[in-house]
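> Quick one: structure below, then a few questions.
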Amino acid sequence: MEYMQAPAASSQGNILCCTCGVPIPPNPANMCVACLRTQVDISEGIPKQVTVHFCKQCERYLQPPATWMQCALESRELLALCLKKLKSSMTKVRLIDAGFLWTEPHSKRIKMKLTIQKEVMNGAILQQVFVVEFVIQYQMCDDCHRVEAKDFWKAVVQVRQKTVHKKTFYYLEQLILKHKLHQNALNIKEIHEGIDFYYGSKQHAQKMVDFLQCTVPCRSKASQRLISHDIHSNTYNYKSTFSMEIVPVCKDNVVCLPPRLAQSLGNMGQICVCIRVTSTIHLIDPRTLQIAEVDGNTYWRNPFNSLCSPRQLEEFIVMDADVIRDQKLGAGAGTRSNKHTLAEVWVQKTSEMDSSQQYHCRTFLGHLLNIGDLVMGYDFANSNINDEYLNKMNPHHLPDVVLIKKSYDRSRRVKRRNWKLQEMARDREGMDTDDERQYQDFLEDLEEDEALRKNVNIYRDASKIPVESDTDDDGAPRISLMEMMEELSLADATGGEGADMMTD
């Protein structure tokens, strides 16, 4: 019998470090790791402290040469930005790992732990872990410089409306706030008959122009002025101006339509009331309840003006009211309103209660009016109105009174109002003393018109406690709690305002 011998197991022997004599596995440098690190520093040439520029106004970091980036603390974007700062000094090493070390948010320091490898003596690979500290320095970006200057602008949007009342502007302001189009504006200045928006780029101004054309009936005109010209690079520097003119018709205005336009809208009466202005002008005929919409292009082809201003509204008391049923329309008639009721009423001015003078008229407010109610309207019988189309009408077809809306006690409505609207921060010039009354009229329009407030953000006013009593219920419309939004307020655990991310 023969015995086979198993092959002997090979075992790697140890060598002594050439510097300190410690037994170690063989390596190309014949040195232990501790001695090798004393001889070679693979992180040499990599800065241990780097400066990062940060803009406090917009909270963005500078990525050289001229790009500003929005980065959250300890985010992947901030990690990439910091590594790009070290890229030029890490060409001879291999990056293995990188990560953030926690620091206080207000310390203006960002610490990053890096793991790198490099081939050293005779092909030995050495790995090292070290920390790089990034110091945050404040520097205002170009965009914030322009915002702070307030006079440096590249484009301006001038919005104008030649009317006495500002209801359309108040509605437009809420739409701009809802869609946050005011954030790119360098400055907003309110002047007579309009408002100006200043922008740092023409693209932002063009975006506002497109929004206005989709929101309100208007027409635009663009122009530009040459500021400078570089003949070597053939570049031009312009300042652009966009002029936006909104149709001079507001809610609750009485208008006289051109005969051709009235015929094209379904043989409507020429005397109409504007019940709403959105992207189109919504008109209603108080004699037949016919409704029609006039867009901006149609209006500028067949322009018409308001016959009376809101200051000419007079208060009437309803003496008698009779609802008209089954009203027959003529051939080619347009759509009738389902939200209103046609009625014949006898009214008398509250300022002429000592006389027996009464006025008869038709109105679209039959669903709201009862005997003894107060209503606001225009007195055509005793008014001197100059209008091209009104003067050509048959005097027998002109109404004595045109009723606009039911009147409620304003002081009670203000006490019950537990909601508010946001306002744009803007410079005001030449403010009129009548602006507060006009703003209250707009708030009442929001309460009365549900379709109008669908496009408006209404916030609950927590600081105001509504006063309720049995005698205050006069039937005035209100806004339900379901339609209100809670206003966002950033506060810390102590109940105060939240601190900034970084402070000096």
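Each chain in the structure tokens gets a letter, A, B, ..., in the order shown, and its residues are numbered from 1; ligands are numbered from 1 in order too.
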Write down as an NGL selection string the residues of region 296-493 of chain A whose backbone DSSP state falls under strand (DSSP E).

:A and (314-323 or 343-349 or 359-363 or 374-379 or 401-406 or 419-420 or 427-428 or 459-460)

> Next, the residues of the selection above should be written as a short mmCIF file (atom, residue, chain, number, x, y, z; two decimals), in the first residue's frame with N, CA, C and O atoms.


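Below is the file that was written, result-v7.cif:
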data_model
loop_
_atom_site.label_atom_id
_atom_site.label_comp_id
_atom_site.auth_asym_id
_atom_site.auth_seq_id
_atom_site.Cartn_x
_atom_site.Cartn_y
_atom_site.Cartn_z
N GLU A 314 -77.63 106.64 -7.48
CA GLU A 314 -78.57 107.21 -6.52
C GLU A 314 -79.35 106.09 -5.86
O GLU A 314 -79.51 105.00 -6.42
N GLU A 315 -79.85 106.37 -4.66
CA GLU A 315 -80.57 105.36 -3.89
C GLU A 315 -82.08 105.53 -4.11
O GLU A 315 -82.62 106.63 -3.99
N PHE A 316 -82.72 104.42 -4.44
CA PHE A 316 -84.17 104.38 -4.65
C PHE A 316 -84.79 103.40 -3.66
O PHE A 316 -84.11 102.48 -3.16
N ILE A 317 -86.07 103.59 -3.41
CA ILE A 317 -86.84 102.65 -2.61
C ILE A 317 -87.92 102.02 -3.49
O ILE A 317 -88.54 102.71 -4.32
N VAL A 318 -88.09 100.72 -3.37
CA VAL A 318 -89.04 99.99 -4.20
C VAL A 318 -90.44 100.19 -3.64
O VAL A 318 -90.73 99.84 -2.49
N MET A 319 -91.31 100.78 -4.46
CA MET A 319 -92.70 101.01 -4.04
C MET A 319 -93.62 99.86 -4.48
O MET A 319 -94.58 99.54 -3.79
N ASP A 320 -93.30 99.23 -5.62
CA ASP A 320 -94.11 98.11 -6.10
C ASP A 320 -93.23 97.28 -7.04
O ASP A 320 -92.38 97.81 -7.75
N ALA A 321 -93.45 95.99 -7.04
CA ALA A 321 -92.67 95.08 -7.88
C ALA A 321 -93.57 93.98 -8.41
O ALA A 321 -94.41 93.44 -7.68
N ASP A 322 -93.41 93.68 -9.69
CA ASP A 322 -94.23 92.66 -10.34
C ASP A 322 -93.32 91.84 -11.25
O ASP A 322 -92.74 92.35 -12.21
N VAL A 323 -93.18 90.54 -10.95
CA VAL A 323 -92.32 89.65 -11.73
C VAL A 323 -92.99 89.32 -13.05
O VAL A 323 -94.19 89.03 -13.11
N ALA A 343 -88.44 91.79 -13.92
CA ALA A 343 -89.54 92.36 -13.13
C ALA A 343 -89.77 93.80 -13.55
O ALA A 343 -88.86 94.48 -14.04
N GLU A 344 -91.00 94.24 -13.36
CA GLU A 344 -91.37 95.65 -13.52
C GLU A 344 -91.54 96.25 -12.14
O GLU A 344 -92.26 95.68 -11.30
N VAL A 345 -90.89 97.35 -11.89
CA VAL A 345 -90.93 97.96 -10.55
C VAL A 345 -91.24 99.44 -10.66
O VAL A 345 -90.97 100.09 -11.68
N TRP A 346 -91.85 99.95 -9.57
CA TRP A 346 -92.03 101.38 -9.36
C TRP A 346 -91.11 101.78 -8.23
O TRP A 346 -91.13 101.17 -7.15
N VAL A 347 -90.28 102.77 -8.47
CA VAL A 347 -89.31 103.20 -7.46
C VAL A 347 -89.44 104.71 -7.24
O VAL A 347 -90.00 105.44 -8.07
N GLN A 348 -88.93 105.13 -6.10
CA GLN A 348 -88.91 106.54 -5.75
C GLN A 348 -87.58 106.86 -5.08
O GLN A 348 -87.05 106.06 -4.30
N LYS A 349 -87.01 108.02 -5.39
CA LYS A 349 -85.76 108.42 -4.78
C LYS A 349 -85.94 108.63 -3.28
O LYS A 349 -86.94 109.22 -2.84
N TYR A 359 -90.89 106.48 -10.49
CA TYR A 359 -90.34 106.09 -11.79
C TYR A 359 -90.66 104.62 -12.03
O TYR A 359 -90.56 103.79 -11.12
N HIS A 360 -90.99 104.33 -13.28
CA HIS A 360 -91.30 102.96 -13.67
C HIS A 360 -90.17 102.44 -14.55
O HIS A 360 -89.68 103.15 -15.45
N CYS A 361 -89.75 101.21 -14.31
CA CYS A 361 -88.67 100.64 -15.12
C CYS A 361 -88.72 99.12 -15.04
O CYS A 361 -89.40 98.55 -14.19
N ARG A 362 -88.00 98.51 -15.95
CA ARG A 362 -87.78 97.07 -15.91
C ARG A 362 -86.38 96.80 -15.36
O ARG A 362 -85.45 97.57 -15.61
N THR A 363 -86.23 95.70 -14.65
CA THR A 363 -84.95 95.39 -14.04
C THR A 363 -84.70 93.89 -14.07
O THR A 363 -85.64 93.08 -14.18
N LEU A 374 -84.17 98.89 -0.55
CA LEU A 374 -83.38 99.97 -1.12
C LEU A 374 -82.54 99.41 -2.26
O LEU A 374 -81.99 98.31 -2.17
N VAL A 375 -82.43 100.17 -3.33
CA VAL A 375 -81.71 99.72 -4.52
C VAL A 375 -80.96 100.90 -5.11
O VAL A 375 -81.42 102.05 -5.02
N MET A 376 -79.77 100.62 -5.67
CA MET A 376 -78.97 101.67 -6.29
C MET A 376 -79.19 101.64 -7.80
O MET A 376 -79.28 100.57 -8.41
N GLY A 377 -79.26 102.83 -8.39
CA GLY A 377 -79.51 102.91 -9.82
C GLY A 377 -79.13 104.27 -10.37
O GLY A 377 -78.75 105.20 -9.63
N TYR A 378 -79.22 104.40 -11.69
CA TYR A 378 -78.92 105.64 -12.39
C TYR A 378 -80.22 106.29 -12.84
O TYR A 378 -81.11 105.63 -13.39
N ASP A 379 -80.33 107.60 -12.63
CA ASP A 379 -81.51 108.37 -13.03
C ASP A 379 -81.27 108.95 -14.42
O ASP A 379 -80.57 109.96 -14.57
N VAL A 401 -85.06 104.99 -15.42
CA VAL A 401 -84.13 104.57 -14.37
C VAL A 401 -83.57 103.20 -14.76
O VAL A 401 -84.31 102.34 -15.26
N VAL A 402 -82.29 103.01 -14.53
CA VAL A 402 -81.65 101.71 -14.70
C VAL A 402 -81.13 101.28 -13.33
O VAL A 402 -80.24 101.91 -12.76
N LEU A 403 -81.72 100.21 -12.78
CA LEU A 403 -81.31 99.72 -11.47
C LEU A 403 -80.11 98.80 -11.60
O LEU A 403 -80.05 97.97 -12.50
N ILE A 404 -79.16 98.94 -10.68
CA ILE A 404 -77.89 98.23 -10.78
C ILE A 404 -77.79 97.11 -9.74
O ILE A 404 -77.53 95.95 -10.07
N LYS A 405 -77.98 97.41 -8.47
CA LYS A 405 -77.80 96.40 -7.42
C LYS A 405 -78.60 96.79 -6.19
O LYS A 405 -78.90 97.97 -5.96
N LYS A 406 -78.91 95.78 -5.40
CA LYS A 406 -79.63 96.01 -4.16
C LYS A 406 -78.69 96.61 -3.13
O LYS A 406 -77.50 96.28 -3.08
N TRP A 419 -63.05 87.92 6.73
CA TRP A 419 -62.08 87.48 5.74
C TRP A 419 -61.34 88.71 5.20
O TRP A 419 -61.73 89.84 5.43
N LYS A 420 -60.26 88.44 4.48
CA LYS A 420 -59.44 89.53 3.94
C LYS A 420 -58.76 89.06 2.66
O LYS A 420 -58.77 87.87 2.33
N ASP A 427 -45.33 101.02 -4.79
CA ASP A 427 -45.21 102.45 -4.51
C ASP A 427 -46.47 103.14 -5.00
O ASP A 427 -46.94 102.91 -6.12
N ARG A 428 -47.00 104.00 -4.15
CA ARG A 428 -48.25 104.70 -4.48
C ARG A 428 -47.95 106.17 -4.73
O ARG A 428 -47.25 106.81 -3.94
N TYR A 459 -58.73 84.79 2.29
CA TYR A 459 -58.10 84.28 3.51
C TYR A 459 -58.95 84.64 4.73
O TYR A 459 -59.52 85.74 4.81
N ARG A 460 -59.00 83.70 5.65
CA ARG A 460 -59.73 83.95 6.89
C ARG A 460 -58.95 84.93 7.76
O ARG A 460 -57.75 84.77 7.97
#

> Please, which residues of region 103-314 of chain A, numbered as in this document, come out alpha helix (DSSP H) from DSSP, as a ChimeraX atom specification?

/A:142-149,167-179,202-215,259-264,296-301

> Using only C-alpha atoms, which protein or nucleic acid residues come within 12 Å of region 64-80 of chain A? Drop anything in the same chain fewer than 3 positions from it, and give the result as a VMD selection string.

chain A and resid 51 to 61 83 to 87 97 to 106 108 to 114 134 139 to 144 501 to 502

> For N, CA and C atoms, I'd like the residues from the last selection saved as a compact mmCIF listing (two decimals), in the first residue's frame.


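And here is the file that came out, again-v2.txt:
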# COMPACT_ATOMS: atom_id res chain seq x y z
N THR A 51 -13.48 78.87 0.28
CA THR A 51 -14.53 79.89 0.42
C THR A 51 -15.66 79.62 -0.57
N VAL A 52 -16.89 79.70 -0.07
CA VAL A 52 -18.09 79.55 -0.91
C VAL A 52 -18.91 80.82 -0.75
N HIS A 53 -19.36 81.40 -1.87
CA HIS A 53 -20.12 82.65 -1.84
C HIS A 53 -21.62 82.34 -1.81
N PHE A 54 -22.33 83.07 -0.96
CA PHE A 54 -23.76 82.83 -0.72
C PHE A 54 -24.49 84.16 -0.71
N CYS A 55 -25.64 84.23 -1.42
CA CYS A 55 -26.48 85.43 -1.46
C CYS A 55 -27.60 85.30 -0.44
N LYS A 56 -27.64 86.22 0.53
CA LYS A 56 -28.65 86.12 1.60
C LYS A 56 -30.04 86.44 1.08
N GLN A 57 -30.15 87.33 0.08
CA GLN A 57 -31.47 87.76 -0.37
C GLN A 57 -32.25 86.62 -1.03
N CYS A 58 -31.60 85.91 -1.95
CA CYS A 58 -32.29 84.85 -2.69
C CYS A 58 -31.86 83.46 -2.25
N GLU A 59 -30.90 83.37 -1.29
CA GLU A 59 -30.43 82.11 -0.74
C GLU A 59 -29.92 81.17 -1.83
N ARG A 60 -29.00 81.70 -2.64
CA ARG A 60 -28.37 80.91 -3.70
C ARG A 60 -26.85 80.93 -3.53
N TYR A 61 -26.21 79.88 -4.03
CA TYR A 61 -24.76 79.74 -3.98
C TYR A 61 -24.17 80.03 -5.35
N LEU A 83 -17.57 69.95 -4.45
CA LEU A 83 -16.54 69.12 -5.07
C LEU A 83 -15.96 69.79 -6.31
N LYS A 84 -16.77 70.60 -7.01
CA LYS A 84 -16.23 71.31 -8.17
C LYS A 84 -15.20 72.35 -7.75
N LYS A 85 -15.33 72.84 -6.51
CA LYS A 85 -14.33 73.77 -6.00
C LYS A 85 -12.97 73.08 -5.83
N LEU A 86 -12.97 71.76 -5.57
CA LEU A 86 -11.74 71.01 -5.33
C LEU A 86 -11.27 70.23 -6.56
N LYS A 87 -12.02 70.31 -7.63
CA LYS A 87 -11.74 69.45 -8.78
C LYS A 87 -10.34 69.68 -9.35
N ASP A 97 -14.89 58.44 -1.58
CA ASP A 97 -16.15 58.75 -0.89
C ASP A 97 -16.12 60.21 -0.47
N ALA A 98 -17.33 60.79 -0.37
CA ALA A 98 -17.48 62.18 0.09
C ALA A 98 -18.82 62.30 0.80
N GLY A 99 -18.82 63.03 1.89
CA GLY A 99 -20.05 63.22 2.66
C GLY A 99 -19.92 64.40 3.59
N PHE A 100 -21.08 64.91 4.06
CA PHE A 100 -21.11 66.08 4.94
C PHE A 100 -20.95 65.65 6.40
N LEU A 101 -20.31 66.52 7.17
CA LEU A 101 -20.30 66.42 8.63
C LEU A 101 -21.23 67.48 9.18
N TRP A 102 -21.97 67.16 10.22
CA TRP A 102 -23.00 68.09 10.72
C TRP A 102 -22.34 69.32 11.33
N THR A 103 -22.88 70.48 10.98
CA THR A 103 -22.48 71.75 11.59
C THR A 103 -23.72 72.55 11.91
N GLU A 104 -23.59 73.54 12.76
CA GLU A 104 -24.72 74.41 13.08
C GLU A 104 -25.13 75.19 11.83
N PRO A 105 -26.43 75.31 11.56
CA PRO A 105 -26.85 76.02 10.34
C PRO A 105 -26.41 77.47 10.30
N HIS A 106 -26.27 78.12 11.47
CA HIS A 106 -25.90 79.53 11.48
C HIS A 106 -24.40 79.75 11.64
N LYS A 108 -22.03 79.38 9.45
CA LYS A 108 -21.39 79.78 8.20
C LYS A 108 -20.21 78.86 7.87
N ARG A 109 -20.33 77.60 8.22
CA ARG A 109 -19.31 76.60 7.93
C ARG A 109 -19.99 75.35 7.37
N ILE A 110 -19.36 74.75 6.35
CA ILE A 110 -19.80 73.48 5.78
C ILE A 110 -18.59 72.56 5.80
N LYS A 111 -18.69 71.44 6.51
CA LYS A 111 -17.58 70.49 6.62
C LYS A 111 -17.88 69.25 5.80
N MET A 112 -16.88 68.81 5.03
CA MET A 112 -17.04 67.66 4.15
C MET A 112 -15.90 66.66 4.42
N LYS A 113 -16.23 65.39 4.62
CA LYS A 113 -15.25 64.33 4.84
C LYS A 113 -15.00 63.63 3.52
N LEU A 114 -13.70 63.60 3.11
CA LEU A 114 -13.31 63.02 1.84
C LEU A 114 -12.43 61.80 2.07
N PHE A 134 -15.54 74.40 4.35
CA PHE A 134 -15.96 75.44 3.41
C PHE A 134 -16.53 76.61 4.23
N GLN A 139 -22.27 87.38 -0.52
CA GLN A 139 -22.06 88.19 -1.72
C GLN A 139 -23.39 88.33 -2.44
N MET A 140 -23.80 89.54 -2.73
CA MET A 140 -25.09 89.77 -3.38
C MET A 140 -24.99 89.45 -4.87
N CYS A 141 -25.94 88.66 -5.36
CA CYS A 141 -25.94 88.29 -6.77
C CYS A 141 -26.41 89.47 -7.63
N ASP A 142 -26.24 89.33 -8.93
CA ASP A 142 -26.59 90.42 -9.85
C ASP A 142 -28.09 90.70 -9.84
N ASP A 143 -28.89 89.66 -9.76
CA ASP A 143 -30.34 89.86 -9.75
C ASP A 143 -30.78 90.64 -8.53
N CYS A 144 -30.22 90.31 -7.38
CA CYS A 144 -30.59 91.04 -6.15
C CYS A 144 -30.05 92.45 -6.17
N MET A 501 -31.79 81.36 7.98
CA MET A 501 -30.93 80.19 7.93
C MET A 501 -29.52 80.53 8.38
N MET A 502 -29.04 81.71 8.02
CA MET A 502 -27.70 82.12 8.38
C MET A 502 -27.73 83.57 8.79

> Can you tell me, as a PDB file with N, CA and C atoms, in the first residue's frame, what residues are no more than 6 Å from Ile281 (chain A) when counting only C-alpha atoms, ignoring any on the same chain fewer than 2 positions away?


ATOM      1  N   VAL A 277     -66.521  91.767 -15.419  1.00  0.00           N
ATOM      2  CA  VAL A 277     -65.423  91.908 -16.381  1.00  0.00           C
ATOM      3  C   VAL A 277     -64.360  90.876 -16.017  1.00  0.00           C
ATOM      4  N   GLU A 293     -71.399  88.287 -24.297  1.00  0.00           N
ATOM      5  CA  GLU A 293     -70.005  88.506 -23.920  1.00  0.00           C
ATOM      6  C   GLU A 293     -69.287  89.192 -25.076  1.00  0.00           C
ATOM      7  N   VAL A 294     -68.536  90.227 -24.722  1.00  0.00           N
ATOM      8  CA  VAL A 294     -67.777  90.991 -25.717  1.00  0.00           C
ATOM      9  C   VAL A 294     -66.303  90.849 -25.371  1.00  0.00           C
TER      10      VAL A 294
END

> Choose the residue, out of A:Ile458, A:Ile116, A:Met31, A:Val156, that has the smallest atom-to-atom separation from Ile188 (chain A); count only C-alpha atoms.

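Distance minimum relative to Ile188 (chain A) lands on A:Val156.
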
> Could you please determine the separation between CA of Glu190 (chain A) and CA of Glu423 (chain A) in Å, to one decimal place?

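Computing the Euclidean distance for CA of Glu190 (chain A) and CA of Glu423 (chain A) yields 12.5 Å.
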
> Near region 39-43 of chain A, counting only C-alpha atoms, which residues have an atom at most 12 Å away, once you skip same-chain residues fewer than 6 positions from it, shown as a PyMOL selection string?

chain A and resi 19+29+31-33+86+89-95+114-121+124-132

> Emit the selected residues as a compact mmCIF listing (two decimals), in the first residue's frame, including N, CA, C and O atoms.


# COMPACT_ATOMS: atom_id res chain seq x y z
N THR A 19 11.77 50.87 8.37
CA THR A 19 11.97 52.07 9.18
C THR A 19 11.86 51.79 10.67
O THR A 19 12.74 52.14 11.46
N ALA A 29 6.61 48.98 -0.96
CA ALA A 29 7.42 50.01 -0.30
C ALA A 29 8.21 49.46 0.87
O ALA A 29 9.10 50.16 1.40
N MET A 31 7.33 49.16 3.85
CA MET A 31 7.07 50.03 5.00
C MET A 31 5.69 49.73 5.54
O MET A 31 4.78 49.34 4.79
N CYS A 32 5.53 49.96 6.84
CA CYS A 32 4.19 49.87 7.42
C CYS A 32 3.41 51.12 7.07
O CYS A 32 3.96 52.13 6.61
N VAL A 33 2.10 51.05 7.28
CA VAL A 33 1.24 52.17 6.90
C VAL A 33 1.58 53.42 7.67
O VAL A 33 1.60 54.54 7.14
N LEU A 86 -12.97 71.76 -5.57
CA LEU A 86 -11.74 71.01 -5.33
C LEU A 86 -11.27 70.23 -6.56
O LEU A 86 -10.25 69.53 -6.49
N SER A 89 -7.64 70.59 -7.89
CA SER A 89 -6.55 70.14 -7.02
C SER A 89 -6.56 68.64 -6.76
O SER A 89 -5.69 68.13 -6.05
N MET A 90 -7.52 67.91 -7.31
CA MET A 90 -7.64 66.46 -7.07
C MET A 90 -7.42 65.66 -8.34
O MET A 90 -7.93 64.55 -8.49
N THR A 91 -6.65 66.19 -9.26
CA THR A 91 -6.41 65.48 -10.52
C THR A 91 -5.48 64.29 -10.35
O THR A 91 -5.52 63.35 -11.17
N LYS A 92 -4.61 64.27 -9.32
CA LYS A 92 -3.63 63.20 -9.15
C LYS A 92 -4.06 62.14 -8.13
O LYS A 92 -3.30 61.23 -7.84
N VAL A 93 -5.24 62.27 -7.57
CA VAL A 93 -5.73 61.30 -6.59
C VAL A 93 -7.06 60.76 -7.09
O VAL A 93 -7.70 61.31 -8.00
N ARG A 94 -7.50 59.69 -6.46
CA ARG A 94 -8.77 59.05 -6.81
C ARG A 94 -9.74 59.24 -5.65
O ARG A 94 -9.45 58.88 -4.51
N LEU A 95 -10.91 59.82 -5.96
CA LEU A 95 -11.92 60.08 -4.93
C LEU A 95 -12.73 58.80 -4.69
O LEU A 95 -13.30 58.23 -5.62
N LEU A 114 -13.70 63.60 3.11
CA LEU A 114 -13.31 63.02 1.84
C LEU A 114 -12.43 61.80 2.07
O LEU A 114 -11.59 61.78 2.98
N THR A 115 -12.61 60.77 1.26
CA THR A 115 -11.75 59.58 1.25
C THR A 115 -11.11 59.47 -0.13
O THR A 115 -11.82 59.38 -1.14
N ILE A 116 -9.75 59.48 -0.15
CA ILE A 116 -9.05 59.47 -1.43
C ILE A 116 -7.99 58.36 -1.42
O ILE A 116 -7.57 57.88 -0.36
N GLN A 117 -7.54 57.94 -2.60
CA GLN A 117 -6.48 56.96 -2.79
C GLN A 117 -5.46 57.50 -3.78
O GLN A 117 -5.80 58.27 -4.68
N LYS A 118 -4.19 57.06 -3.56
CA LYS A 118 -3.13 57.47 -4.47
C LYS A 118 -2.02 56.41 -4.46
O LYS A 118 -1.72 55.82 -3.43
N GLU A 119 -1.43 56.20 -5.60
CA GLU A 119 -0.31 55.25 -5.72
C GLU A 119 0.99 55.97 -5.34
O GLU A 119 1.31 57.02 -5.89
N VAL A 120 1.69 55.38 -4.37
CA VAL A 120 2.93 55.98 -3.87
C VAL A 120 4.10 55.05 -4.17
O VAL A 120 4.01 54.20 -5.06
N MET A 121 5.13 55.07 -3.36
CA MET A 121 6.42 54.39 -3.61
C MET A 121 6.27 52.98 -4.20
O MET A 121 5.63 52.13 -3.60
N ALA A 124 2.75 51.12 -4.36
CA ALA A 124 1.90 50.93 -3.18
C ALA A 124 0.74 51.92 -3.22
O ALA A 124 0.93 53.10 -3.57
N ILE A 125 -0.50 51.46 -2.89
CA ILE A 125 -1.68 52.30 -2.90
C ILE A 125 -2.01 52.68 -1.46
O ILE A 125 -2.21 51.82 -0.60
N LEU A 126 -2.09 53.99 -1.23
CA LEU A 126 -2.37 54.51 0.11
C LEU A 126 -3.72 55.21 0.11
O LEU A 126 -4.04 55.96 -0.83
N GLN A 127 -4.52 54.95 1.13
CA GLN A 127 -5.85 55.56 1.27
C GLN A 127 -5.84 56.46 2.50
O GLN A 127 -5.30 56.09 3.54
N GLN A 128 -6.49 57.64 2.36
CA GLN A 128 -6.48 58.62 3.45
C GLN A 128 -7.84 59.28 3.56
O GLN A 128 -8.52 59.52 2.55
N VAL A 129 -8.25 59.59 4.79
CA VAL A 129 -9.50 60.29 5.09
C VAL A 129 -9.15 61.62 5.74
O VAL A 129 -8.35 61.66 6.69
N PHE A 130 -9.74 62.71 5.23
CA PHE A 130 -9.48 64.03 5.82
C PHE A 130 -10.73 64.90 5.64
O PHE A 130 -11.68 64.54 4.93
N VAL A 131 -10.74 66.04 6.31
CA VAL A 131 -11.90 66.94 6.34
C VAL A 131 -11.54 68.26 5.68
O VAL A 131 -10.46 68.83 5.94
N VAL A 132 -12.42 68.74 4.81
CA VAL A 132 -12.28 70.05 4.17
C VAL A 132 -13.38 70.96 4.71
O VAL A 132 -14.56 70.56 4.75

> Name the residues in contact with Arg478 (chain A) at a cut-off of 12 Å, using only C-alpha atoms, excluding same-chain residues fewer than 3 positions from it; report them as a PyMOL selection string.

chain A and resi 408+412-419+443-450+453+466+473-475+481-484

> Using only C-alpha atoms, which protein or nucleic acid residues come within 7 Å of Gln158 (chain A)? Drop anything in the same chain fewer than 2 positions from it, and give the result as a PyMOL selection string.

chain A and resi 156+160+195-197+242-244

> Would you please work out which residue, of A:Leu81, A:Leu283, A:Ala462, A:Met393, is nearest to Pro259 (chain A) when using only C-alpha atoms?

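Closest to Pro259 (chain A) of all the choices is A:Met393.
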
> How many Å separate CA of Ser279 (chain A) from CA of Cys214 (chain A)?

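About the pair CA of Ser279 (chain A) and CA of Cys214 (chain A): they are 6.3 Å apart.
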
> Could you check which of A:Asn305, A:Asp434, A:Ser223, A:Ile246 is closest to Asn386 (chain A), using only C-alpha atoms?

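Result for the nearest residue to Asn386 (chain A): A:Asn305.
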
> Return the single residue from A:Pro248, A:Gly296, A:Pro26, A:Pro258 that is closest to Pro217 (chain A), with distances computed using only C-alpha atoms.

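When distances to Pro217 (chain A) are compared using only C-alpha atoms, the smallest one comes from A:Gly296.
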
> I'd like to know which of A:Trp153, A:Cys18, A:Glu133, A:Ser201 is closest to Pro47 (chain A), using only C-alpha atoms.

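Among A:Trp153, A:Cys18, A:Glu133, A:Ser201, it is A:Glu133 that comes nearest to Pro47 (chain A).
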
> Work out how far apart CA of Thr215 (chain A) and CA of Asp435 (chain A) are and give it in Å to one decimal.

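So the two atoms, CA of Thr215 (chain A) and CA of Asp435 (chain A), lie 22.9 Å apart.
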
> Could you check the closest approach to Leu265 (chain A) for each of A:Arg225, A:Lys239, A:Arg37, A:Arg336 and tell me which residue wins, using only C-alpha atoms?

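Closest to Leu265 (chain A) of all the choices is A:Arg336.
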